[in-house]
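The data block below is protein_7.pdb; it holds PDB, C-alpha atoms.
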MODEL        1
ATOM      1  CA  MET K   1     -28.024 105.506-135.463
ATOM      2  CA  ALA K   2     -31.737 104.980-135.359
ATOM      3  CA  ALA K   3     -33.469 102.611-137.732
ATOM      4  CA  THR K   4     -35.061 105.603-139.451
ATOM      5  CA  ASP K   5     -31.565 106.800-140.461
ATOM      6  CA  PHE K   6     -30.940 103.645-142.516
ATOM      7  CA  LYS K   7     -29.886 104.371-146.088
ATOM      8  CA  ASP K   8     -31.083 101.890-148.696
ATOM      9  CA  TYR K   9     -28.231 102.046-151.188
ATOM     10  CA  TYR K  10     -30.012  99.710-153.586
ATOM     11  CA  ALA K  11     -33.034 102.022-153.694
ATOM     12  CA  MET K  12     -30.767 105.052-154.190
ATOM     13  CA  LEU K  13     -29.385 103.477-157.376
ATOM     14  CA  GLY K  14     -32.752 102.051-158.425
ATOM     15  CA  ILE K  15     -31.526  98.454-158.550
ATOM     16  CA  SER K  16     -32.413  95.165-156.884
ATOM     17  CA  LYS K  17     -30.357  93.423-154.209
ATOM     18  CA  THR K  18     -29.397  90.780-156.772
ATOM     19  CA  ALA K  19     -27.912  93.336-159.197
ATOM     20  CA  THR K  20     -24.604  92.387-160.808
ATOM     21  CA  SER K  21     -21.496  94.564-160.551
ATOM     22  CA  GLU K  22     -22.025  95.709-164.148
ATOM     23  CA  GLU K  23     -25.651  96.666-163.420
ATOM     24  CA  ILE K  24     -24.481  98.625-160.392
ATOM     25  CA  LYS K  25     -21.889 100.458-162.485
ATOM     26  CA  GLN K  26     -24.396 101.284-165.235
ATOM     27  CA  ALA K  27     -26.958 102.591-162.747
ATOM     28  CA  PHE K  28     -24.331 104.758-161.059
ATOM     29  CA  ARG K  29     -23.060 106.278-164.304
ATOM     30  CA  LYS K  30     -26.592 107.101-165.438
ATOM     31  CA  LEU K  31     -27.507 108.837-162.166
ATOM     32  CA  ALA K  32     -24.109 110.518-161.772
ATOM     33  CA  ARG K  33     -24.512 112.159-165.175
ATOM     34  CA  LYS K  34     -28.068 113.192-164.316
ATOM     35  CA  TYR K  35     -27.247 114.835-160.981
ATOM     36  CA  HIS K  36     -23.670 116.027-161.597
ATOM     37  CA  PRO K  37     -23.090 119.607-160.297
ATOM     38  CA  ASP K  38     -21.767 120.681-163.709
ATOM     39  CA  VAL K  39     -25.114 119.730-165.248
ATOM     40  CA  ASN K  40     -27.136 121.219-162.367
ATOM     41  CA  PRO K  41     -25.348 124.406-161.263
ATOM     42  CA  ASN K  42     -26.600 125.941-157.992
ATOM     43  CA  ASN K  43     -29.089 123.090-157.551
ATOM     44  CA  LYS K  44     -28.769 121.959-153.912
ATOM     45  CA  GLN K  45     -31.239 119.122-154.371
ATOM     46  CA  ALA K  46     -29.308 117.693-157.312
ATOM     47  CA  GLU K  47     -26.064 118.121-155.376
ATOM     48  CA  ALA K  48     -27.485 116.129-152.455
ATOM     49  CA  LYS K  49     -28.662 113.380-154.816
ATOM     50  CA  PHE K  50     -25.238 113.274-156.465
ATOM     51  CA  LYS K  51     -23.595 112.735-153.066
ATOM     52  CA  GLU K  52     -26.092 109.983-152.192
ATOM     53  CA  VAL K  53     -25.468 108.207-155.493
ATOM     54  CA  ASN K  54     -21.693 108.376-154.949
ATOM     55  CA  GLU K  55     -22.048 107.047-151.409
ATOM     56  CA  ALA K  56     -24.229 104.149-152.551
ATOM     57  CA  TYR K  57     -21.863 103.231-155.385
ATOM     58  CA  GLU K  58     -18.805 103.435-153.131
ATOM     59  CA  VAL K  59     -20.292 100.704-150.937
ATOM     60  CA  LEU K  60     -22.062  98.458-153.440
ATOM     61  CA  SER K  61     -19.200  98.435-155.968
ATOM     62  CA  ASP K  62     -16.859  96.989-153.340
ATOM     63  CA  PRO K  63     -17.624  93.228-152.888
ATOM     64  CA  ASP K  64     -16.404  93.173-149.273
ATOM     65  CA  LYS K  65     -18.319  96.293-148.243
ATOM     66  CA  ARG K  66     -21.431  95.103-150.074
ATOM     67  CA  LYS K  67     -21.326  91.769-148.241
ATOM     68  CA  LYS K  68     -21.094  93.529-144.870
ATOM     69  CA  TYR K  69     -23.844  95.965-145.820
ATOM     70  CA  ASP K  70     -26.150  93.103-146.863
ATOM     71  CA  GLN K  71     -25.450  91.248-143.617
ATOM     72  CA  PHE K  72     -25.491  94.059-141.037
ATOM     73  CA  GLY K  73     -27.539  96.826-142.674
ATOM     74  CA  GLN K  74     -27.097 100.257-141.108
ATOM     75  CA  TYR K  75     -24.350  98.968-138.793
ATOM     76  CA  TRP K  76     -22.241  97.439-141.553
ATOM     77  CA  LYS K  77     -19.237  99.680-140.853
ATOM     78  CA  GLN K  78     -19.161  99.019-137.116
ATOM     79  CA  ALA K  79     -19.972  95.337-137.463
ATOM     80  CA  GLY K  80     -17.383  94.834-140.171
ATOM     81  CA  GLN K  81     -14.699  96.334-137.943
ATOM     82  CA  GLY K  82     -15.761  95.334-134.480
ATOM     83  CA  PHE K  83     -17.730  92.047-134.533
ATOM     84  CA  PRO K  84     -16.424  88.572-135.333
ATOM     85  CA  SER K  85     -18.737  86.922-137.840
ATOM     86  CA  GLY K  86     -19.458  83.239-138.210
ATOM     87  CA  GLY K  87     -21.449  81.800-141.095
ATOM     88  CA  SER K  88     -24.527  83.883-141.815
ATOM     89  CA  GLY K  89     -24.802  85.355-138.334
ATOM     90  CA  VAL K  90     -22.784  87.061-135.603
ATOM     91  CA  ASP K  91     -21.403  85.377-132.512
ATOM     92  CA  MET K  92     -22.047  87.793-129.648
ATOM     93  CA  GLY K  93     -20.654  85.569-126.938
ATOM     94  CA  GLY K  94     -23.978  84.334-125.554
ATOM     95  CA  VAL K  95     -25.574  87.778-125.093
ATOM     96  CA  ASP K  96     -29.257  87.649-124.058
ATOM     97  CA  PHE K  97     -31.241  89.771-126.560
ATOM     98  CA  GLY K  98     -34.500  89.327-124.678
ATOM     99  CA  GLN K  99     -34.230  92.787-123.122
ATOM    100  CA  TYR K 100     -33.853  94.400-126.542
ATOM    101  CA  GLY K 101     -36.528  94.959-129.159
ATOM    102  CA  SER K 102     -34.178  93.941-131.941
ATOM    103  CA  PHE K 103     -30.546  93.343-132.837
ATOM    104  CA  ASN K 104     -30.370  96.982-134.040
ATOM    105  CA  ASP K 105     -31.578  98.175-130.610
ATOM    106  CA  PHE K 106     -28.790  96.181-128.992
ATOM    107  CA  LEU K 107     -26.184  97.713-131.322
ATOM    108  CA  THR K 108     -27.543 101.211-130.723
ATOM    109  CA  GLU K 109     -27.132 100.818-126.962
ATOM    110  CA  LEU K 110     -23.725  99.182-127.357
ATOM    111  CA  PHE K 111     -22.349 101.974-129.546
ATOM    112  CA  GLY K 112     -23.948 104.649-127.400
ATOM    113  CA  GLY K 113     -24.651 106.923-130.349
ATOM    114  CA  ALA K 114     -21.032 106.812-131.504
ATOM    115  CA  GLY K 115     -21.917 105.852-135.063
ATOM    116  CA  PRO K 116     -22.487 108.201-138.000
ATOM    117  CA  ARG K 117     -24.950 111.018-137.261
ATOM    118  CA  SER K 118     -27.623 112.028-139.718
ATOM    119  CA  GLY K 119     -26.818 115.321-141.411
ATOM    120  CA  ARG K 120     -23.165 115.206-140.353
ATOM    121  CA  GLN K 121     -20.026 114.333-142.254
ATOM    122  CA  SER K 122     -20.015 110.609-143.027
ATOM    123  CA  TYR K 123     -17.746 108.762-140.625
ATOM    124  CA  SER K 124     -17.829 105.691-138.390
ATOM    125  CA  TYR K 125     -15.911 104.546-135.341
ATOM    126  CA  ARG K 126     -14.085 101.457-134.281
ATOM    127  CA  SER K 127     -11.665 100.727-131.496
ATOM    128  CA  SER K 128      -8.030 100.328-132.400
ATOM    129  CA  THR K 129      -5.098  98.673-130.681
ATOM    130  CA  GLY K 130      -4.829  99.725-127.054
ATOM    131  CA  ARG K 131      -1.486 100.882-125.853
ATOM    132  CA  ALA K 132       0.134  99.511-122.676
ATOM    133  CA  GLY K 133      -1.730  96.203-122.553
ATOM    134  CA  GLY K 134      -5.275  95.010-123.044
ATOM    135  CA  GLY K 135      -7.033  92.513-125.306
ATOM    136  CA  PHE K 136     -10.251  91.973-127.236
ATOM    137  CA  ASN K 137     -13.413  91.652-125.170
ATOM    138  CA  ASP K 138     -16.504  89.556-125.968
ATOM    139  CA  PHE K 139     -17.706  92.106-128.518
ATOM    140  CA  GLY K 140     -14.494  92.262-130.563
ATOM    141  CA  PHE K 141     -13.500  95.705-129.274
ATOM    142  CA  GLN K 142     -10.000  96.419-128.045
ATOM    143  CA  ASP K 143      -9.802  96.790-124.274
ATOM    144  CA  ALA K 144      -6.938  99.102-123.401
ATOM    145  CA  GLY K 145      -6.537  97.725-119.895
ATOM    146  CA  ALA K 146      -6.218  99.632-116.643
ATOM    147  CA  GLY K 147      -2.971 101.376-117.511
ATOM    148  CA  GLY K 148      -3.295 102.050-121.217
ATOM    149  CA  THR K 149      -5.072 104.308-123.689
ATOM    150  CA  GLN K 150      -7.500 103.438-126.435
ATOM    151  CA  ASP K 151      -7.398 104.855-129.942
ATOM    152  CA  THR K 152     -10.388 105.380-132.212
ATOM    153  CA  GLU K 153     -10.574 105.193-135.992
ATOM    154  CA  ALA K 154     -13.075 107.192-138.026
ATOM    155  CA  ILE K 155     -13.771 106.768-141.741
ATOM    156  CA  ILE K 156     -14.209 110.094-143.509
ATOM    157  CA  THR K 157     -15.496 110.322-147.091
ATOM    158  CA  LEU K 158     -14.159 113.146-149.273
ATOM    159  CA  THR K 159     -14.889 114.338-152.781
ATOM    160  CA  PHE K 160     -12.001 114.484-155.254
ATOM    161  CA  ALA K 161     -11.964 118.286-154.976
ATOM    162  CA  GLU K 162     -11.753 118.174-151.171
ATOM    163  CA  ALA K 163      -8.976 115.574-151.196
ATOM    164  CA  PHE K 164      -7.027 117.400-153.908
ATOM    165  CA  SER K 165      -7.063 120.876-152.359
ATOM    166  CA  GLY K 166      -7.491 120.014-148.681
ATOM    167  CA  VAL K 167     -10.500 120.818-146.538
ATOM    168  CA  GLN K 168     -11.526 121.548-142.967
ATOM    169  CA  LYS K 169     -14.148 119.219-141.496
ATOM    170  CA  ARG K 170     -16.157 119.560-138.300
ATOM    171  CA  PHE K 171     -16.824 116.459-136.206
ATOM    172  CA  SER K 172     -19.245 115.919-133.373
ATOM    173  CA  LEU K 173     -17.745 113.524-130.817
ATOM    174  CA  GLY K 174     -20.456 113.117-128.241
ATOM    175  CA  THR K 175     -20.742 116.498-126.530
ATOM    176  CA  GLU K 176     -17.520 117.782-128.094
ATOM    177  CA  THR K 177     -17.110 119.415-131.504
ATOM    178  CA  ILE K 178     -13.692 119.508-133.157
ATOM    179  CA  ASP K 179     -12.393 121.019-136.411
ATOM    180  CA  VAL K 180      -9.893 118.942-138.371
ATOM    181  CA  ARG K 181      -7.852 120.165-141.311
ATOM    182  CA  ILE K 182      -7.360 117.531-144.037
ATOM    183  CA  PRO K 183      -4.231 118.431-146.048
ATOM    184  CA  GLY K 184      -4.326 118.466-149.831
ATOM    185  CA  GLY K 185      -3.237 115.296-151.599
ATOM    186  CA  ALA K 186      -5.063 112.780-149.384
ATOM    187  CA  LYS K 187      -5.830 109.440-151.064
ATOM    188  CA  ALA K 188      -8.071 106.504-150.314
ATOM    189  CA  GLY K 189      -6.514 104.724-147.330
ATOM    190  CA  THR K 190      -4.646 107.778-146.020
ATOM    191  CA  ARG K 191      -4.680 107.797-142.175
ATOM    192  CA  LEU K 192      -4.431 111.074-140.277
ATOM    193  CA  ARG K 193      -3.795 111.279-136.537
ATOM    194  CA  VAL K 194      -5.677 113.695-134.280
ATOM    195  CA  LYS K 195      -3.862 113.515-130.967
ATOM    196  CA  GLY K 196      -5.865 113.114-127.758
ATOM    197  CA  LYS K 197      -9.316 112.831-129.400
ATOM    198  CA  GLY K 198      -9.868 109.091-129.120
ATOM    199  CA  GLN K 199     -11.801 107.082-126.553
ATOM    200  CA  ILE K 200     -11.369 107.618-122.805
ATOM    201  CA  ASN K 201     -10.268 104.625-120.770
ATOM    202  CA  PRO K 202     -12.756 104.547-117.858
ATOM    203  CA  MET K 203     -10.187 102.758-115.708
ATOM    204  CA  ASN K 204      -7.643 105.589-115.705
ATOM    205  CA  GLN K 205      -9.394 108.398-117.646
ATOM    206  CA  GLN K 206      -6.542 108.480-120.185
ATOM    207  CA  ARG K 207      -7.609 109.390-123.702
ATOM    208  CA  GLY K 208      -6.292 107.832-126.868
ATOM    209  CA  ASP K 209      -5.909 109.335-130.320
ATOM    210  CA  LEU K 210      -8.359 109.631-133.198
ATOM    211  CA  TYR K 211      -7.236 108.277-136.569
ATOM    212  CA  LEU K 212      -9.070 109.466-139.674
ATOM    213  CA  LYS K 213      -9.033 107.007-142.574
ATOM    214  CA  VAL K 214      -9.837 108.659-145.898
ATOM    215  CA  GLU K 215     -12.239 107.230-148.463
ATOM    216  CA  LEU K 216     -12.884 108.985-151.785
ATOM    217  CA  GLN K 217     -16.162 109.344-153.621
ATOM    218  CA  PRO K 218     -15.852 108.047-157.195
ATOM    219  CA  HIS K 219     -15.340 110.770-159.798
ATOM    220  CA  THR K 220     -17.163 110.663-163.129
ATOM    221  CA  PHE K 221     -14.050 111.635-165.121
ATOM    222  CA  PHE K 222     -10.822 111.233-163.110
ATOM    223  CA  GLN K 223      -9.231 108.176-161.528
ATOM    224  CA  ILE K 224      -6.138 108.033-159.312
ATOM    225  CA  GLU K 225      -3.283 105.656-160.083
ATOM    226  CA  GLY K 226      -0.414 106.198-157.675
ATOM    227  CA  ASP K 227       0.429 109.901-157.862
ATOM    228  CA  ASN K 228      -1.078 110.213-161.338
ATOM    229  CA  LEU K 229      -4.529 111.072-162.613
ATOM    230  CA  VAL K 230      -6.021 109.034-165.464
ATOM    231  CA  CYS K 231      -8.936 110.044-167.688
ATOM    232  CA  GLU K 232     -10.480 109.039-171.009
ATOM    233  CA  VAL K 233     -11.398 111.455-173.812
ATOM    234  CA  LEU K 234     -13.396 110.572-176.917
ATOM    235  CA  ILE K 235     -12.151 111.769-180.311
ATOM    236  CA  THR K 236     -13.590 111.525-183.833
ATOM    237  CA  PRO K 237     -12.081 109.422-186.658
ATOM    238  CA  ASP K 238     -10.960 112.520-188.576
ATOM    239  CA  GLU K 239      -9.241 113.930-185.461
ATOM    240  CA  ALA K 240      -7.404 110.632-185.034
ATOM    241  CA  THR K 241      -6.383 110.515-188.683
ATOM    242  CA  LEU K 242      -5.416 114.132-189.282
ATOM    243  CA  GLY K 243      -4.479 115.229-185.775
ATOM    244  CA  ALA K 244      -6.225 117.996-183.848
ATOM    245  CA  ALA K 245      -6.114 120.303-180.843
ATOM    246  CA  ILE K 246      -8.691 119.401-178.171
ATOM    247  CA  ASP K 247      -9.641 120.809-174.763
ATOM    248  CA  VAL K 248      -9.077 118.440-171.836
ATOM    249  CA  PRO K 249     -10.191 119.015-168.209
ATOM    250  CA  THR K 250      -7.456 119.027-165.554
ATOM    251  CA  PRO K 251      -7.562 119.897-161.841
ATOM    252  CA  ASP K 252      -6.294 123.347-162.837
ATOM    253  CA  GLY K 253      -8.905 123.936-165.537
ATOM    254  CA  HIS K 254      -9.134 123.023-169.211
ATOM    255  CA  VAL K 255      -5.928 122.855-171.246
ATOM    256  CA  ASN K 256      -5.434 122.569-174.994
ATOM    257  CA  VAL K 257      -3.835 119.263-175.979
ATOM    258  CA  LYS K 258      -2.402 118.550-179.418
ATOM    259  CA  LEU K 259      -3.289 115.157-180.862
ATOM    260  CA  PRO K 260      -0.654 113.801-183.251
ATOM    261  CA  ALA K 261      -1.871 112.588-186.635
ATOM    262  CA  GLY K 262      -2.479 108.847-186.621
ATOM    263  CA  VAL K 263      -3.090 108.550-182.886
ATOM    264  CA  ARG K 264      -4.568 105.169-181.974
ATOM    265  CA  SER K 265      -7.545 104.366-179.825
ATOM    266  CA  GLY K 266      -6.253 103.476-176.347
ATOM    267  CA  GLN K 267      -3.084 105.528-176.671
ATOM    268  CA  SER K 268      -2.310 107.790-173.701
ATOM    269  CA  LEU K 269      -0.907 111.306-173.751
ATOM    270  CA  ARG K 270       1.031 112.601-170.737
ATOM    271  CA  LEU K 271       0.350 116.020-169.179
ATOM    272  CA  ARG K 272       3.319 116.562-166.905
ATOM    273  CA  GLY K 273       2.670 118.079-163.494
ATOM    274  CA  LYS K 274      -1.135 117.930-163.845
ATOM    275  CA  GLY K 275      -1.642 114.912-161.582
ATOM    276  CA  TRP K 276      -2.255 114.391-157.851
ATOM    277  CA  PRO K 277      -0.358 116.393-155.205
ATOM    278  CA  ILE K 278       2.652 114.536-153.775
ATOM    279  CA  ALA K 279       3.359 114.653-150.033
ATOM    280  CA  LYS K 280       7.013 115.655-150.509
ATOM    281  CA  GLY K 281       5.988 118.432-152.905
ATOM    282  CA  GLY K 282       5.079 118.762-156.545
ATOM    283  CA  ARG K 283       2.469 116.915-158.556
ATOM    284  CA  GLY K 284       2.199 113.668-160.447
ATOM    285  CA  ASP K 285       1.188 113.551-164.101
ATOM    286  CA  GLN K 286      -2.163 113.291-165.846
ATOM    287  CA  PHE K 287      -2.596 110.611-168.497
ATOM    288  CA  VAL K 288      -5.225 111.250-171.166
ATOM    289  CA  LYS K 289      -6.367 108.021-172.796
ATOM    290  CA  VAL K 290      -7.977 108.641-176.174
ATOM    291  CA  ALA K 291     -10.804 106.531-177.556
ATOM    292  CA  ILE K 292     -11.986 106.896-181.144
ATOM    293  CA  ALA K 293     -15.766 107.298-181.237
ATOM    294  CA  PRO K 294     -17.340 106.924-184.692
ATOM    295  CA  PRO K 295     -20.503 108.986-185.192
ATOM    296  CA  LYS K 296     -23.782 107.107-184.795
ATOM    297  CA  ASP K 297     -25.902 109.451-186.913
ATOM    298  CA  LEU K 298     -24.485 110.755-190.184
ATOM    299  CA  SER K 299     -25.883 113.512-192.317
ATOM    300  CA  PRO K 300     -26.318 112.649-196.006
ATOM    301  CA  GLN K 301     -23.241 114.696-196.884
ATOM    302  CA  GLU K 302     -21.130 113.073-194.169
ATOM    303  CA  ARG K 303     -22.137 109.616-195.355
ATOM    304  CA  GLU K 304     -21.271 110.572-198.934
ATOM    305  CA  TYR K 305     -17.775 111.661-197.968
ATOM    306  CA  TYR K 306     -17.134 108.622-195.761
ATOM    307  CA  GLU K 307     -18.105 106.391-198.676
ATOM    308  CA  LYS K 308     -15.739 108.295-200.976
ATOM    309  CA  ILE K 309     -12.926 107.838-198.451
ATOM    310  CA  ARG K 310     -13.662 104.111-198.241
ATOM    311  CA  ALA K 311     -13.567 103.834-202.017
ATOM    312  CA  ILE K 312     -10.122 105.414-202.356
ATOM    313  CA  ARG K 313      -8.552 104.244-199.071
ATOM    314  CA  THR K 314      -5.241 102.371-199.487
ATOM    315  CA  TYR K 315      -4.508 101.700-195.816
ATOM    316  CA  ASN K 316      -5.541  98.311-194.425
ATOM    317  CA  PRO K 317      -4.664  97.768-190.760
ATOM    318  CA  ARG K 318      -5.507  94.054-191.068
ATOM    319  CA  SER K 319      -3.215  93.209-193.990
ATOM    320  CA  HIS K 320      -0.803  91.328-191.733
ATOM    321  CA  LEU K 321      -3.563  88.891-190.782
ATOM    322  CA  GLU K 322      -3.336  87.236-194.189
ATOM    323  CA  LYS K 323      -0.155  85.457-193.038
ATOM    324  CA  VAL K 324      -1.599  84.236-189.747
ATOM    325  CA  LYS K 325      -1.999  80.438-189.552
ATOM    326  CA  LEU K 326      -2.423  77.819-186.846
TER     327      LEU K 326
ENDMDL
END

Written as structure tokens, that's how I'd like the structure from this file.
Amino acid sequence: MAATDFKDYYAMLGISKTATSEEIKQAFRKLARKYHPDVNPNNKQAEAKFKEVNEAYEVLSDPDKRKKYDQFGQYWKQAGQGFPSGGSGVDMGGVDFGQYGSFNDFLTELFGGAGPRSGRQSYSYRSSTGRAGGGFNDFGFQDAGAGGTQDTEAIITLTFAEAFSGVQKRFSLGTETIDVRIPGGAKAGTRLRVKGKGQINPMNQQRGDLYLKVELQPHTFFQIEGDNLVCEVLITPDEATLGAAIDVPTPDGHVNVKLPAGVRSGQSLRLRGKGWPIAKGGRGDQFVKVAIAPPKDLSPQEREYYEKIRAIRTYNPRSHLEKVKL
């Protein structure tokens, strides 16, 4: 990766390098809403910005990834997986950098262009455990030894839709292009094996396997918990009090959900079989967490009726607090 390919994730989110985790989250939510495909249909530019914002948040919201990104810049993935760090720097085993213009130039030559390529699917490489012998060399990479093979791991970032339904991705491995089918139901951390597409051991020309490790872009509405999907839906005070039928997004489209009268803020409703695909077949469930959202701006008539309700209301949810003592 050339220095010109460096992505400034802080600039993408419009925040400083000293931003707190809450500031990062707020900046992401604001930009995600602005550039979301549902808000900007058929807008390729907005779609590209949405992907950039997701990518930046995925890194900066993770303390470990953010630390590596701050320390190693554009090579944070490779460095975090292949180089032993010590203090604020990197111990490269006494390598003479005099022949290189910069540390980035050294890394570029070392990786030989094996890092993420601009305009391609986001992925990065690292060496994995060599089979049939071998140990770590001065650069922290696994040496397969004369009689073994060497595997390679690539990190692939998917959207929720791609991971849910499955997708075919095209990779450029040096001079070779391969198509890989990602099955539906992949989660963050899922590892997929592509046999015979890893690194070639120059000692015996044997080729290892390629392992794809899945990472998911954050979704603005859904979250994954095990095999289940979790989401939050806002409801009005009258809907909570009287009950209502509301439309809720699911992976299969919107469904009509009946709210029972007296539902509490924070209560979850289960939609069976609407969750994440399960490897052995079937689907998990979707949990809809309701949150009561009082209106901020009332019309004169609405305010009049709310005041009338307050005047005649007999229910006091805090009555039990009268008996609370130290």

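Computed from the coordinates, the atom CA of Ser61 of chain K to atom CA of Leu271 of chain K distance equals 29.4 Å.
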
(message) Using only C-alpha atoms - which residues lie no farther than 9 Å from the point (-6.8, 118.3, -166.9) in the file's frame? Write them as a ChimeraX atom specification.
(response) /K:222,229,231,247-255,271,274-275,286-288

(request) Please identify all polymer residues within 12 Å of Glu239 of chain K, counting all atoms listed in the file, omitting same-chain residues fewer than 4 positions from it, and present them as a PyMOL selection string. (result) chain K and resi 234-235+243-246+258-265+290-294

So that I can see what lies close to Gly14 of chain K, please list as a PDB file with C-alpha atoms, in the frame of the given file the residues with an atom at most 9 Å from it, counting only C-alpha atoms and leaving out residues fewer than 4 positions away in the same chain.
ATOM      1  CA  TYR K   9     -28.231 102.046-151.188  1.00  0.00           C
ATOM      2  CA  TYR K  10     -30.012  99.710-153.586  1.00  0.00           C
ATOM      3  CA  ALA K  27     -26.958 102.591-162.747  1.00  0.00           C
TER       4      ALA K  27
END

(message) So the first atom is atom CA of Gln217 of chain K and the second is atom CA of Lys51 of chain K; what is the distance between them in Å, to one decimal place?
(response) 8.2 Å

(request) Determine the residue membership of the PyMOL selection byres ((chain K and resi 197) around 7) for the file above and supply it as number ranges by chain. (result) K: 194-196, 198-199, 207-210

(request) Please tell me which residues are no farther than 12 Å from (0.1, 110.5, -154.9) in the file, counting only C-alpha atoms, and write them as a VMD selection string. (result) chain K and resid 163 to 164 184 to 190 223 to 229 273 to 286

(request) Take the PyMOL selection byres ((chain K and resi 219) around 12), apply it to the structure above, and return the hits as a PyMOL selection string. (result) chain K and resi 28-29+32-33+36-37+50-51+53-55+57-58+158-163+216-218+220-224+229-231

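From atom CA of Gln267 of chain K back to atom CA of Leu321 of chain K, the distance works out to 21.8 Å.
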
(message) Evaluated on this file, the PyMOL selection byres ((chain K and resi 60) around 10) picks out some residues - which ones are they, written as a count of residues only?
(response) 24

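With distances restricted to only C-alpha atoms, K:Thr241 is the closest residue to Tyr315 of chain K from K:Ser268, K:Lys289, K:Tyr211, K:Thr241.
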
Quick one: 5 Å padding each side, axis-aligned, all listed atoms of segment 248-264 of chain K - centre and edge lengths in Å to one decimal, as AutoDock Vina command-line options?
--center_x -5.4 --center_y 114.6 --center_z -174.2 --size_x 19.5 --size_y 28.8 --size_z 34.8

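Shortest separation to Pro237 of chain K among K:Ile309, K:Val257, K:Leu192, K:Leu212 occurs at residue K:Ile309, atoms counted being all atoms listed in the file.
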
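Among the candidates K:Val167, K:Leu269, K:Leu326, K:Ala311, the one nearest to Glu232 of chain K when counting all atoms listed in the file is K:Leu269.
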